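**Q** Quick one: the structure is below, and I'll ask about it shortly.
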Amino acid sequence: MLMQALLKSRLWGKPFFLSHLVTTRCNCSCPMCLWRDNSGKVTEMTADEIGKFYRDSRQNGFIGTAIWGGEPLLRQDLGQILHHARSYGLTTLLISNGFYLKERLGDLAPRLDAVIVSLDYADEKHDRLRGCPGLFRRAVEAVEHLRAHHPRVKVLLNCLILRDNESSLLPLAELARDLGVSFYACPVKGERSEGKEYPTKNWKTDYDYESRIGQKLTGLKQAGYSLNNSYTYLNEYLEKKQPFQCYLPRIALIVQPDGNINHCMEGAVSLGNVKTRPLREILSSPPYRQLQRESPRCSRCNNPNVVESSYMWQFHLEPLLNAATVMLHS
């Protein structure tokens with residue numbers, strides 16, 4: 001399915017995956033977060049509105065949705081949202097901090113294909129960073145419960161690369177191995193070229209640090225730990241700082257909680273709202289087509305999801321084979 005979607009995207013330039021922020025509310029207070037907003041001022045699409053949007057997405061060739069936030073488990077109607085996604089044939093991926101995950105799995109697991117749980121340290125230091133006592137324990141218990149009672153659901157860990165957690169990488173790799181899951185390493189969001197700096201600059205790692213991390217992660221992957229980052233990302237991008245060409249607008253559509261689609265290179269620019277405008281019309285609009293033309297000149301993002309998917313869109317062999325390995329991992 002992924003290879004078919006990539007081929008169609010290459011032919012027609014249409015994205016095929018949704019990156020859907022369903023809320024900005026969160027029970028954590030991570031200092032490097034760009035998305036948390038507990039003010040109550042952010043309008044969220046209702047489950048029924050999301051259902052209509054997912055139906056429209058499937059009719060326009062989308063194959064899956066990544067549901068995140070904020071903390072999506074704060075939405076009591078998340079089960080209904082997942083039901084809509086599955087009923088229209090979308091693959092479902094949930095990204096969560098894991099605090100409320102275990103107690104909701106009875107309702108959610110039958111409608112999930114994969115879950116990503118965030119862990120930045122292999123102990124309670126994770127709680128202190130994210131301002132949420134008990135978070136590490138509850139996240140690990142949720143992963144254990146998923147593996148024991150819902151083995152069909154694929155589970156992955158996501159570790160942010162921070163200025164002070166280099167020594168946690170091996171313990172996290174060992175924890176993932178003990179839990180029987182794989183993990184990603186992801187630098188704190190930042191820019192790779194001149195321009196406006198993100199508010200996470202106090203947590204963003206510098207080039208020398210990232211190069212060292214790239215070497216260390218390569219060693220862990222070579223040693224057999226289930227690290228999901230490709231060697232191309234670790235060696236060419238993270239270690240050697242080779243720029244990449246971004247093709248994310250041809251791969252994924254980022255949808256805000258209110259249904260708005262923002263220009264990823266110019267955040268204040270709106271490309272349309274899925275509640276008020278048909279998706280086909282947004283995707284074929286001159287502003288969206290212009291974004292697709294301009295994005296290969298941008299390499300500011302350092303998120304492996306952006307970089308790796310762009311490699312795959314270009315049919316770089318090693319990242320494609322690595323992605324297949326990730327998908328086949330239990």
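To be explicit about the labels: the chains of the structure tokens are called A, B, and onward in the order shown, and within each one the residues are counted from 1, while ligands get numbers from 1 in the order they are shown.
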Using DSSP on the backbone, list every residue of stretch 136-239 of chain A that comes out as alpha helix (DSSP H), and give them as a JSON list (two decimals) with all heavy atoms, in the first residue's frame.
**A**
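And here's result.json as it stands now:
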[["chain", "number", "residue", "atom", "x", "y", "z"],
["A", 136, "PHE", "N", 6.47, 8.23, 33.49],
["A", 136, "PHE", "CA", 7.34, 7.15, 32.99],
["A", 136, "PHE", "C", 6.74, 5.78, 33.33],
["A", 136, "PHE", "O", 6.61, 4.92, 32.45],
["A", 136, "PHE", "CB", 8.74, 7.28, 33.60],
["A", 136, "PHE", "CG", 9.64, 6.14, 33.25],
["A", 136, "PHE", "CD1", 10.23, 6.06, 32.00],
["A", 136, "PHE", "CD2", 9.89, 5.13, 34.17],
["A", 136, "PHE", "CE1", 11.06, 4.99, 31.68],
["A", 136, "PHE", "CE2", 10.73, 4.06, 33.86],
["A", 136, "PHE", "CZ", 11.31, 4.00, 32.60],
["A", 137, "ARG", "N", 6.35, 5.59, 34.57],
["A", 137, "ARG", "CA", 5.80, 4.30, 34.99],
["A", 137, "ARG", "C", 4.54, 3.96, 34.21],
["A", 137, "ARG", "O", 4.38, 2.82, 33.73],
["A", 137, "ARG", "CB", 5.50, 4.32, 36.49],
["A", 137, "ARG", "CG", 4.80, 3.06, 37.01],
["A", 137, "ARG", "CD", 4.50, 3.18, 38.49],
["A", 137, "ARG", "NE", 3.68, 4.34, 38.80],
["A", 137, "ARG", "CZ", 2.35, 4.38, 38.65],
["A", 137, "ARG", "NH1", 1.70, 3.33, 38.16],
["A", 137, "ARG", "NH2", 1.68, 5.47, 38.96],
["A", 138, "ARG", "N", 3.64, 4.92, 34.07],
["A", 138, "ARG", "CA", 2.37, 4.67, 33.38],
["A", 138, "ARG", "C", 2.59, 4.40, 31.89],
["A", 138, "ARG", "O", 1.90, 3.57, 31.29],
["A", 138, "ARG", "CB", 1.41, 5.83, 33.61],
["A", 138, "ARG", "CG", 0.90, 5.92, 35.05],
["A", 138, "ARG", "CD", 0.07, 7.19, 35.25],
["A", 138, "ARG", "NE", -1.17, 7.13, 34.51],
["A", 138, "ARG", "CZ", -2.36, 6.77, 35.02],
["A", 138, "ARG", "NH1", -2.44, 6.40, 36.31],
["A", 138, "ARG", "NH2", -3.45, 6.77, 34.29],
["A", 139, "ALA", "N", 3.55, 5.10, 31.29],
["A", 139, "ALA", "CA", 3.83, 4.87, 29.87],
["A", 139, "ALA", "C", 4.38, 3.46, 29.65],
["A", 139, "ALA", "O", 3.96, 2.76, 28.72],
["A", 139, "ALA", "CB", 4.82, 5.92, 29.36],
["A", 140, "VAL", "N", 5.31, 3.04, 30.51],
["A", 140, "VAL", "CA", 5.88, 1.70, 30.38],
["A", 140, "VAL", "C", 4.80, 0.65, 30.62],
["A", 140, "VAL", "O", 4.72, -0.36, 29.89],
["A", 140, "VAL", "CB", 7.05, 1.52, 31.37],
["A", 140, "VAL", "CG1", 7.48, 0.05, 31.43],
["A", 140, "VAL", "CG2", 8.23, 2.39, 30.95],
["A", 141, "GLU", "N", 3.95, 0.84, 31.62],
["A", 141, "GLU", "CA", 2.86, -0.11, 31.88],
["A", 141, "GLU", "C", 1.91, -0.21, 30.70],
["A", 141, "GLU", "O", 1.41, -1.30, 30.38],
["A", 141, "GLU", "CB", 2.10, 0.31, 33.14],
["A", 141, "GLU", "CG", 2.87, 0.08, 34.43],
["A", 141, "GLU", "CD", 2.11, 0.56, 35.65],
["A", 141, "GLU", "OE1", 1.03, 1.19, 35.48],
["A", 141, "GLU", "OE2", 2.58, 0.32, 36.78],
["A", 142, "ALA", "N", 1.66, 0.92, 30.04],
["A", 142, "ALA", "CA", 0.77, 0.90, 28.87],
["A", 142, "ALA", "C", 1.39, 0.09, 27.73],
["A", 142, "ALA", "O", 0.70, -0.69, 27.06],
["A", 142, "ALA", "CB", 0.49, 2.33, 28.41],
["A", 143, "VAL", "N", 2.70, 0.26, 27.52],
["A", 143, "VAL", "CA", 3.38, -0.51, 26.47],
["A", 143, "VAL", "C", 3.35, -2.00, 26.81],
["A", 143, "VAL", "O", 3.06, -2.85, 25.94],
["A", 143, "VAL", "CB", 4.83, -0.03, 26.30],
["A", 143, "VAL", "CG1", 5.59, -0.94, 25.34],
["A", 143, "VAL", "CG2", 4.85, 1.42, 25.78],
["A", 144, "GLU", "N", 3.61, -2.34, 28.06],
["A", 144, "GLU", "CA", 3.56, -3.75, 28.48],
["A", 144, "GLU", "C", 2.17, -4.33, 28.28],
["A", 144, "GLU", "O", 2.02, -5.48, 27.84],
["A", 144, "GLU", "CB", 3.98, -3.86, 29.95],
["A", 144, "GLU", "CG", 5.45, -3.56, 30.19],
["A", 144, "GLU", "CD", 5.81, -3.54, 31.67],
["A", 144, "GLU", "OE1", 4.91, -3.24, 32.49],
["A", 144, "GLU", "OE2", 6.98, -3.78, 32.01],
["A", 145, "HIS", "N", 1.14, -3.55, 28.59],
["A", 145, "HIS", "CA", -0.23, -4.02, 28.44],
["A", 145, "HIS", "C", -0.57, -4.23, 26.96],
["A", 145, "HIS", "O", -1.22, -5.22, 26.60],
["A", 145, "HIS", "CB", -1.19, -3.00, 29.06],
["A", 145, "HIS", "CG", -2.61, -3.47, 29.12],
["A", 145, "HIS", "ND1", -3.08, -4.30, 30.12],
["A", 145, "HIS", "CD2", -3.66, -3.24, 28.29],
["A", 145, "HIS", "CE1", -4.36, -4.56, 29.92],
["A", 145, "HIS", "NE2", -4.74, -3.93, 28.80],
["A", 146, "LEU", "N", -0.14, -3.32, 26.13],
["A", 146, "LEU", "CA", -0.37, -3.46, 24.70],
["A", 146, "LEU", "C", 0.29, -4.73, 24.16],
["A", 146, "LEU", "O", -0.33, -5.50, 23.42],
["A", 146, "LEU", "CB", 0.19, -2.25, 23.95],
["A", 146, "LEU", "CG", -0.74, -1.06, 23.73],
["A", 146, "LEU", "CD1", 0.04, 0.17, 23.30],
["A", 146, "LEU", "CD2", -1.80, -1.40, 22.68],
["A", 147, "ARG", "N", 1.53, -4.95, 24.55],
["A", 147, "ARG", "CA", 2.25, -6.11, 24.06],
["A", 147, "ARG", "C", 1.61, -7.42, 24.54],
["A", 147, "ARG", "O", 1.56, -8.40, 23.81],
["A", 147, "ARG", "CB", 3.71, -6.05, 24.51],
["A", 147, "ARG", "CG", 4.48, -4.88, 23.94],
["A", 147, "ARG", "CD", 4.75, -5.04, 22.46],
["A", 147, "ARG", "NE", 5.68, -6.12, 22.22],
["A", 147, "ARG", "CZ", 5.64, -6.94, 21.17],
["A", 147, "ARG", "NH1", 4.68, -6.82, 20.27],
["A", 147, "ARG", "NH2", 6.54, -7.88, 21.02],
["A", 148, "ALA", "N", 1.09, -7.41, 25.77],
["A", 148, "ALA", "CA", 0.53, -8.64, 26.35],
["A", 148, "ALA", "C", -0.88, -8.92, 25.87],
["A", 148, "ALA", "O", -1.25, -10.08, 25.65],
["A", 148, "ALA", "CB", 0.56, -8.54, 27.87],
["A", 149, "HIS", "N", -1.69, -7.88, 25.74],
["A", 149, "HIS", "CA", -3.12, -8.07, 25.48],
["A", 149, "HIS", "C", -3.59, -7.64, 24.09],
["A", 149, "HIS", "O", -4.69, -8.01, 23.68],
["A", 149, "HIS", "CB", -3.93, -7.33, 26.55],
["A", 149, "HIS", "CG", -3.64, -7.78, 27.94],
["A", 149, "HIS", "ND1", -4.14, -8.96, 28.46],
["A", 149, "HIS", "CD2", -2.88, -7.23, 28.93],
["A", 149, "HIS", "CE1", -3.71, -9.11, 29.70],
["A", 149, "HIS", "NE2", -2.95, -8.08, 30.01],
["A", 169, "LEU", "N", 20.58, 7.23, 25.97],
["A", 169, "LEU", "CA", 20.28, 6.54, 24.72],
["A", 169, "LEU", "C", 20.43, 5.02, 24.84],
["A", 169, "LEU", "O", 19.57, 4.26, 24.40],
["A", 169, "LEU", "CB", 21.16, 7.08, 23.59],
["A", 169, "LEU", "CG", 20.91, 8.54, 23.22],
["A", 169, "LEU", "CD1", 21.88, 8.99, 22.12],
["A", 169, "LEU", "CD2", 19.47, 8.76, 22.76],
["A", 170, "LEU", "N", 21.53, 4.56, 25.44],
["A", 170, "LEU", "CA", 21.71, 3.12, 25.61],
["A", 170, "LEU", "C", 20.66, 2.54, 26.55],
["A", 170, "LEU", "O", 20.04, 1.51, 26.22],
["A", 170, "LEU", "CB", 23.11, 2.81, 26.12],
["A", 170, "LEU", "CG", 23.40, 1.34, 26.42],
["A", 170, "LEU", "CD1", 23.14, 0.46, 25.20],
["A", 170, "LEU", "CD2", 24.84, 1.16, 26.92],
["A", 171, "PRO", "N", 20.40, 3.15, 27.73],
["A", 171, "PRO", "CA", 19.33, 2.62, 28.58],
["A", 171, "PRO", "C", 17.97, 2.59, 27.89],
["A", 171, "PRO", "O", 17.18, 1.66, 28.08],
["A", 171, "PRO", "CB", 19.32, 3.57, 29.78],
["A", 171, "PRO", "CG", 20.71, 4.08, 29.85],
["A", 171, "PRO", "CD", 21.15, 4.21, 28.43],
["A", 172, "LEU", "N", 17.67, 3.60, 27.04],
["A", 172, "LEU", "CA", 16.41, 3.60, 26.31],
["A", 172, "LEU", "C", 16.38, 2.47, 25.28],
["A", 172, "LEU", "O", 15.35, 1.82, 25.09],
["A", 172, "LEU", "CB", 16.20, 4.95, 25.63],
["A", 172, "LEU", "CG", 15.64, 6.06, 26.51],
["A", 172, "LEU", "CD1", 15.78, 7.42, 25.81],
["A", 172, "LEU", "CD2", 14.18, 5.81, 26.86],
["A", 173, "ALA", "N", 17.50, 2.25, 24.62],
["A", 173, "ALA", "CA", 17.58, 1.15, 23.65],
["A", 173, "ALA", "C", 17.37, -0.19, 24.36],
["A", 173, "ALA", "O", 16.67, -1.08, 23.84],
["A", 173, "ALA", "CB", 18.93, 1.17, 22.94],
["A", 174, "GLU", "N", 17.95, -0.34, 25.54],
["A", 174, "GLU", "CA", 17.78, -1.57, 26.30],
["A", 174, "GLU", "C", 16.34, -1.72, 26.80],
["A", 174, "GLU", "O", 15.79, -2.83, 26.81],
["A", 174, "GLU", "CB", 18.76, -1.59, 27.47],
["A", 174, "GLU", "CG", 20.21, -1.71, 27.01],
["A", 174, "GLU", "CD", 21.19, -1.62, 28.16],
["A", 174, "GLU", "OE1", 20.84, -1.04, 29.20],
["A", 174, "GLU", "OE2", 22.33, -2.13, 28.00],
["A", 175, "LEU", "N", 15.74, -0.60, 27.20],
["A", 175, "LEU", "CA", 14.34, -0.64, 27.62],
["A", 175, "LEU", "C", 13.44, -1.07, 26.47],
["A", 175, "LEU", "O", 12.55, -1.92, 26.65],
["A", 175, "LEU", "CB", 13.91, 0.72, 28.16],
["A", 175, "LEU", "CG", 12.44, 0.86, 28.54],
["A", 175, "LEU", "CD1", 12.08, -0.09, 29.68],
["A", 175, "LEU", "CD2", 12.12, 2.31, 28.93],
["A", 176, "ALA", "N", 13.66, -0.51, 25.29],
["A", 176, "ALA", "CA", 12.86, -0.89, 24.12],
["A", 176, "ALA", "C", 13.03, -2.38, 23.83],
["A", 176, "ALA", "O", 12.05, -3.09, 23.54],
["A", 176, "ALA", "CB", 13.27, -0.05, 22.92],
["A", 177, "ARG", "N", 14.26, -2.86, 23.93],
["A", 177, "ARG", "CA", 14.51, -4.29, 23.70],
["A", 177, "ARG", "C", 13.78, -5.14, 24.72],
["A", 177, "ARG", "O", 13.15, -6.16, 24.36],
["A", 177, "ARG", "CB", 16.01, -4.55, 23.78],
["A", 177, "ARG", "CG", 16.41, -6.01, 23.55],
["A", 177, "ARG", "CD", 17.86, -6.24, 23.92],
["A", 177, "ARG", "NE", 18.11, -5.89, 25.33],
["A", 177, "ARG", "CZ", 19.32, -5.71, 25.84],
["A", 177, "ARG", "NH1", 20.39, -5.82, 25.08],
["A", 177, "ARG", "NH2", 19.46, -5.39, 27.12],
["A", 178, "ASP", "N", 13.82, -4.74, 25.99],
["A", 178, "ASP", "CA", 13.16, -5.51, 27.04],
["A", 178, "ASP", "C", 11.64, -5.51, 26.86],
["A", 178, "ASP", "O", 10.96, -6.49, 27.20],
["A", 178, "ASP", "CB", 13.51, -4.94, 28.42],
["A", 178, "ASP", "CG", 14.98, -5.14, 28.76],
["A", 178, "ASP", "OD1", 15.64, -5.96, 28.10],
["A", 178, "ASP", "OD2", 15.47, -4.45, 29.68],
["A", 179, "LEU", "N", 11.10, -4.40, 26.34],
["A", 179, "LEU", "CA", 9.66, -4.31, 26.11],
["A", 179, "LEU", "C", 9.24, -4.99, 24.82],
["A", 179, "LEU", "O", 8.04, -5.18, 24.58],
["A", 179, "LEU", "CB", 9.23, -2.83, 26.08],
["A", 179, "LEU", "CG", 9.34, -2.06, 27.40],
["A", 179, "LEU", "CD1", 9.09, -0.57, 27.15],
["A", 179, "LEU", "CD2", 8.33, -2.60, 28.41],
["A", 207, "TYR", "N", 25.27, 21.35, 16.28],
["A", 207, "TYR", "CA", 25.72, 20.45, 15.22],
["A", 207, "TYR", "C", 26.70, 19.40, 15.74],
["A", 207, "TYR", "O", 26.61, 18.22, 15.38],
["A", 207, "TYR", "CB", 26.37, 21.25, 14.08],
["A", 207, "TYR", "CG", 25.40, 21.97, 13.19],
["A", 207, "TYR", "CD1", 25.86, 22.79, 12.16],
["A", 207, "TYR", "CD2", 24.03, 21.83, 13.35],
["A", 207, "TYR", "CE1", 24.98, 23.44, 11.32],
["A", 207, "TYR", "CE2", 23.14, 22.47, 12.52],
["A", 207, "TYR", "CZ", 23.63, 23.29, 11.50],
["A", 207, "TYR", "OH", 22.75, 23.93, 10.68],
["A", 208, "ASP", "N", 27.67, 19.82, 16.55],
["A", 208, "ASP", "CA", 28.68, 18.87, 17.04],
["A", 208, "ASP", "C", 28.02, 17.79, 17.91],
["A", 208, "ASP", "O", 28.37, 16.61, 17.81],
["A", 208, "ASP", "CB", 29.75, 19.61, 17.86],
["A", 208, "ASP", "CG", 30.62, 20.49, 16.98],
["A", 208, "ASP", "OD1", 30.67, 20.25, 15.76],
["A", 208, "ASP", "OD2", 31.24, 21.43, 17.52],
["A", 209, "TYR", "N", 27.07, 18.20, 18.73],
["A", 209, "TYR", "CA", 26.38, 17.25, 19.59],
["A", 209, "TYR", "C", 25.60, 16.25, 18.74],
["A", 209, "TYR", "O", 25.65, 15.03, 18.97],
["A", 209, "TYR", "CB", 25.44, 18.00, 20.54],
["A", 209, "TYR", "CG", 24.71, 17.15, 21.55],
["A", 209, "TYR", "CD1", 25.26, 16.90, 22.80],
["A", 209, "TYR", "CD2", 23.46, 16.60, 21.26],
["A", 209, "TYR", "CE1", 24.59, 16.13, 23.74],
["A", 209, "TYR", "CE2", 22.78, 15.82, 22.19],
["A", 209, "TYR", "CZ", 23.35, 15.59, 23.42],
["A", 209, "TYR", "OH", 22.68, 14.83, 24.35],
["A", 210, "GLU", "N", 24.88, 16.76, 17.74],
["A", 210, "GLU", "CA", 24.09, 15.88, 16.88],
["A", 210, "GLU", "C", 24.98, 14.92, 16.09],
["A", 210, "GLU", "O", 24.61, 13.77, 15.86],
["A", 210, "GLU", "CB", 23.22, 16.70, 15.93],
["A", 210, "GLU", "CG", 22.04, 17.36, 16.62],
["A", 210, "GLU", "CD", 21.10, 18.03, 15.64],
["A", 210, "GLU", "OE1", 21.31, 17.91, 14.41],
["A", 210, "GLU", "OE2", 20.14, 18.68, 16.10],
["A", 211, "SER", "N", 26.16, 15.39, 15.68],
["A", 211, "SER", "CA", 27.08, 14.50, 14.96],
["A", 211, "SER", "C", 27.51, 13.35, 15.86],
["A", 211, "SER", "O", 27.56, 12.19, 15.43],
["A", 211, "SER", "CB", 28.31, 15.29, 14.49],
["A", 211, "SER", "OG", 27.97, 16.23, 13.50],
["A", 212, "ARG", "N", 27.80, 13.67, 17.10],
["A", 212, "ARG", "CA", 28.20, 12.63, 18.05],
["A", 212, "ARG", "C", 27.05, 11.67, 18.32],
["A", 212, "ARG", "O", 27.24, 10.45, 18.40],
["A", 212, "ARG", "CB", 28.67, 13.29, 19.35],
["A", 212, "ARG", "CG", 29.29, 12.31, 20.33],
["A", 212, "ARG", "CD", 30.02, 13.03, 21.45],
["A", 212, "ARG", "NE", 29.10, 13.70, 22.36],
["A", 212, "ARG", "CZ", 29.00, 15.03, 22.46],
["A", 212, "ARG", "NH1", 29.73, 15.82, 21.69],
["A", 212, "ARG", "NH2", 28.15, 15.57, 23.32],
["A", 213, "ILE", "N", 25.83, 12.22, 18.44],
["A", 213, "ILE", "CA", 24.65, 11.38, 18.65],
["A", 213, "ILE", "C", 24.43, 10.47, 17.44],
["A", 213, "ILE", "O", 24.08, 9.29, 17.58],
["A", 213, "ILE", "CB", 23.41, 12.24, 18.91],
["A", 213, "ILE", "CG1", 23.54, 12.99, 20.25],
["A", 213, "ILE", "CG2", 22.15, 11.39, 18.90],
["A", 213, "ILE", "CD1", 23.63, 12.08, 21.45],
["A", 214, "GLY", "N", 24.63, 11.03, 16.24],
["A", 214, "GLY", "CA", 24.48, 10.21, 15.04],
["A", 214, "GLY", "C", 25.41, 9.02, 15.05],
["A", 214, "GLY", "O", 25.02, 7.89, 14.70],
["A", 215, "GLN", "N", 26.66, 9.23, 15.46],
["A", 215, "GLN", "CA", 27.62, 8.14, 15.55],
["A", 215, "GLN", "C", 27.21, 7.12, 16.61],
["A", 215, "GLN", "O", 27.30, 5.91, 16.40],
["A", 215, "GLN", "CB", 29.00, 8.71, 15.88],
["A", 215, "GLN", "CG", 29.59, 9.59, 14.79],
["A", 215, "GLN", "CD", 30.88, 10.27, 15.23],
["A", 215, "GLN", "OE1", 31.48, 9.89, 16.23],
["A", 215, "GLN", "NE2", 31.30, 11.27, 14.48],
["A", 216, "LYS", "N", 26.75, 7.62, 17.75],
["A", 216, "LYS", "CA", 26.36, 6.72, 18.83],
["A", 216, "LYS", "C", 25.14, 5.89, 18.44],
["A", 216, "LYS", "O", 25.09, 4.67, 18.70],
["A", 216, "LYS", "CB", 26.05, 7.54, 20.09],
["A", 216, "LYS", "CG", 25.64, 6.69, 21.28],
["A", 216, "LYS", "CD", 25.67, 7.49, 22.57],
["A", 216, "LYS", "CE", 27.08, 7.76, 23.02],
["A", 216, "LYS", "NZ", 27.16, 8.34, 24.39],
["A", 217, "LEU", "N", 24.17, 6.51, 17.80],
["A", 217, "LEU", "CA", 22.97, 5.78, 17.38],
["A", 217, "LEU", "C", 23.29, 4.77, 16.29],
["A", 217, "LEU", "O", 22.72, 3.67, 16.26],
["A", 217, "LEU", "CB", 21.90, 6.76, 16.89],
["A", 217, "LEU", "CG", 21.26, 7.65, 17.97],
["A", 217, "LEU", "CD1", 20.37, 8.71, 17.34],
["A", 217, "LEU", "CD2", 20.46, 6.81, 18.96],
["A", 218, "THR", "N", 24.21, 5.13, 15.40],
["A", 218, "THR", "CA", 24.65, 4.17, 14.38],
["A", 218, "THR", "C", 25.25, 2.94, 15.04],
["A", 218, "THR", "O", 24.98, 1.80, 14.63],
["A", 218, "THR", "CB", 25.68, 4.81, 13.44],
["A", 218, "THR", "OG1", 25.06, 5.89, 12.72],
["A", 218, "THR", "CG2", 26.21, 3.80, 12.44],
["A", 219, "GLY", "N", 26.05, 3.17, 16.09],
["A", 219, "GLY", "CA", 26.63, 2.04, 16.82],
["A", 219, "GLY", "C", 25.58, 1.16, 17.46],
["A", 219, "GLY", "O", 25.69, -0.07, 17.43],
["A", 220, "LEU", "N", 24.54, 1.78, 18.03],
["A", 220, "LEU", "CA", 23.46, 1.01, 18.63],
["A", 220, "LEU", "C", 22.72, 0.18, 17.58],
["A", 220, "LEU", "O", 22.39, -0.99, 17.82],
["A", 220, "LEU", "CB", 22.48, 1.94, 19.35],
["A", 220, "LEU", "CG", 22.99, 2.64, 20.61],
["A", 220, "LEU", "CD1", 21.95, 3.62, 21.14],
["A", 220, "LEU", "CD2", 23.33, 1.61, 21.69],
["A", 221, "LYS", "N", 22.48, 0.78, 16.43],
["A", 221, "LYS", "CA", 21.77, 0.06, 15.36],
["A", 221, "LYS", "C", 22.62, -1.10, 14.86],
["A", 221, "LYS", "O", 22.11, -2.20, 14.64],
["A", 221, "LYS", "CB", 21.46, 1.04, 14.22],
["A", 221, "LYS", "CG", 20.51, 0.51, 13.15],
["A", 221, "LYS", "CD", 20.18, 1.61, 12.15],
["A", 221, "LYS", "CE", 19.28, 1.12, 11.03],
["A", 221, "LYS", "NZ", 17.87, 0.96, 11.47],
["A", 222, "GLN", "N", 23.92, -0.87, 14.70],
["A", 222, "GLN", "CA", 24.81, -1.94, 14.25],
["A", 222, "GLN", "C", 24.92, -3.06, 15.28],
["A", 222, "GLN", "O", 25.15, -4.22, 14.93],
["A", 222, "GLN", "CB", 26.20, -1.36, 13.96],
["A", 222, "GLN", "CG", 26.24, -0.46, 12.74],
["A", 222, "GLN", "CD", 27.58, 0.23, 12.57],
["A", 222, "GLN", "OE1", 28.33, 0.42, 13.52],
["A", 222, "GLN", "NE2", 27.88, 0.63, 11.33],
["A", 231, "TYR", "N", 20.10, 4.33, 8.37],
["A", 231, "TYR", "CA", 21.51, 4.70, 8.36],
["A", 231, "TYR", "C", 21.71, 5.99, 7.56],
["A", 231, "TYR", "O", 22.59, 6.81, 7.88],
["A", 231, "TYR", "CB", 22.35, 3.59, 7.76],
["A", 231, "TYR", "CG", 22.59, 2.42, 8.69],
["A", 231, "TYR", "CD1", 22.09, 1.15, 8.40],
["A", 231, "TYR", "CD2", 23.32, 2.58, 9.87],
["A", 231, "TYR", "CE1", 22.30, 0.08, 9.24],
["A", 231, "TYR", "CE2", 23.55, 1.51, 10.72],
["A", 231, "TYR", "CZ", 23.03, 0.26, 10.40],
["A", 231, "TYR", "OH", 23.25, -0.80, 11.25]]
**Q** Which residues are near A:Ile282? Cut-off 7 Å, only C-alpha atoms, ignore same chain within fewer than 6 positions. Put them as a VMD selection string.
**A** chain A and resid 271 to 272 288
**Q** May I have the selected residues written with N, CA, C and O atoms, as a compact mmCIF listing (two decimals), in the first residue's frame?
**A**
# COMPACT_ATOMS: atom_id res chain seq x y z
N LEU A 271 -3.85 27.62 4.00
CA LEU A 271 -4.12 27.06 2.68
C LEU A 271 -5.56 26.60 2.53
O LEU A 271 -5.96 26.13 1.47
N GLY A 272 -6.34 26.73 3.61
CA GLY A 272 -7.75 26.35 3.57
C GLY A 272 -8.15 25.62 4.84
O GLY A 272 -7.31 25.27 5.67
N TYR A 288 -1.43 25.61 -2.66
CA TYR A 288 -0.89 24.31 -2.27
C TYR A 288 0.08 23.79 -3.32
O TYR A 288 1.13 23.24 -2.99
**Q** To one decimal in Å, tell me the separation between atom CA of A:Leu157 and atom CA of A:Asn305.
**A**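 Those two atoms sit 13.5 Å apart.
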**Q** What's the 6 Å shell around stretch 248-256 of chain A, counting only C-alpha atoms, without same-chain residues fewer than 6 positions away, as a PDB file with C-alpha atoms, in the first residue's frame?
**A**
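Now in out01.pdb:
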ATOM      1  CA  GLY A  13       1.848  14.923  -6.678  1.00  0.00           C
ATOM      2  CA  LYS A  14      -0.963  14.167  -4.246  1.00  0.00           C
ATOM      3  CA  PRO A  15      -0.304  13.575  -0.526  1.00  0.00           C
ATOM      4  CA  PHE A  16      -1.606  10.316   0.906  1.00  0.00           C
ATOM      5  CA  PHE A  17      -1.176  10.517   4.691  1.00  0.00           C
ATOM      6  CA  LEU A  18      -2.788  12.745   7.324  1.00  0.00           C
ATOM      7  CA  SER A  19      -0.867  14.266  10.213  1.00  0.00           C
ATOM      8  CA  HIS A  20      -3.848  15.252  12.339  1.00  0.00           C
ATOM      9  CA  LEU A  21      -3.571  17.297  15.521  1.00  0.00           C
ATOM     10  CA  GLN A 292       4.758  21.595  -3.360  1.00  0.00           C
TER      11      GLN A 292
END
**Q** Between A:Pro257, A:Pro187, A:Gly106, A:Gly89, single out the one closest to A:Thr46, counting only C-alpha atoms.
**A**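 The answer is A:Pro257, which sits nearest to A:Thr46.
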**Q** From a DSSP pass on the backbone, collect the residues of stretch 34-232 of chain A flagged as strand (DSSP E or B) and hand them back as a PyMOL selection string.
**A** chain A and resi 64-68+91-96+114-118+154-161+182-187+227
**Q** Skip A:Leu328 itself and residues of its chain fewer than 4 positions away, then list as a list in words all residues within 12 Å of it, counting only C-alpha atoms.
**A** Arg152, Lys154, Val155, Val181, Ser182, Ser226, Asn228, Leu321, Asn322, Ala323 and Ala324 of chain A
**Q** May I have the residues from that selection written out with N, CA and C atoms, as a compact mmCIF listing (two decimals), in the first residue's frame?
**A**
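Full text of selection.txt as output:
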# COMPACT_ATOMS: atom_id res chain seq x y z
N ARG A 152 -1.63 -7.41 18.19
CA ARG A 152 -1.82 -6.97 16.81
C ARG A 152 -1.39 -5.53 16.60
N LYS A 154 0.90 -2.46 16.60
CA LYS A 154 2.34 -2.20 16.57
C LYS A 154 2.67 -1.07 17.55
N VAL A 155 3.73 -1.24 18.33
CA VAL A 155 4.11 -0.26 19.34
C VAL A 155 5.53 0.22 19.08
N VAL A 181 9.85 -3.77 21.69
CA VAL A 181 9.40 -2.78 20.72
C VAL A 181 10.62 -2.11 20.10
N SER A 182 10.37 -1.30 19.08
CA SER A 182 11.44 -0.54 18.46
C SER A 182 11.29 0.93 18.85
N SER A 226 16.84 -2.23 18.16
CA SER A 226 15.79 -1.95 17.18
C SER A 226 15.55 -0.45 17.05
N ASN A 228 14.76 2.65 14.70
CA ASN A 228 14.02 2.79 13.46
C ASN A 228 14.60 3.81 12.49
N LEU A 321 14.17 0.28 2.40
CA LEU A 321 14.34 -1.03 3.02
C LEU A 321 14.23 -0.93 4.54
N ASN A 322 14.74 0.14 5.10
CA ASN A 322 14.63 0.35 6.55
C ASN A 322 13.18 0.49 6.97
N ALA A 323 12.39 1.25 6.18
CA ALA A 323 10.96 1.41 6.48
C ALA A 323 10.24 0.08 6.44
N ALA A 324 10.61 -0.77 5.47
CA ALA A 324 9.98 -2.09 5.38
C ALA A 324 10.31 -2.92 6.62
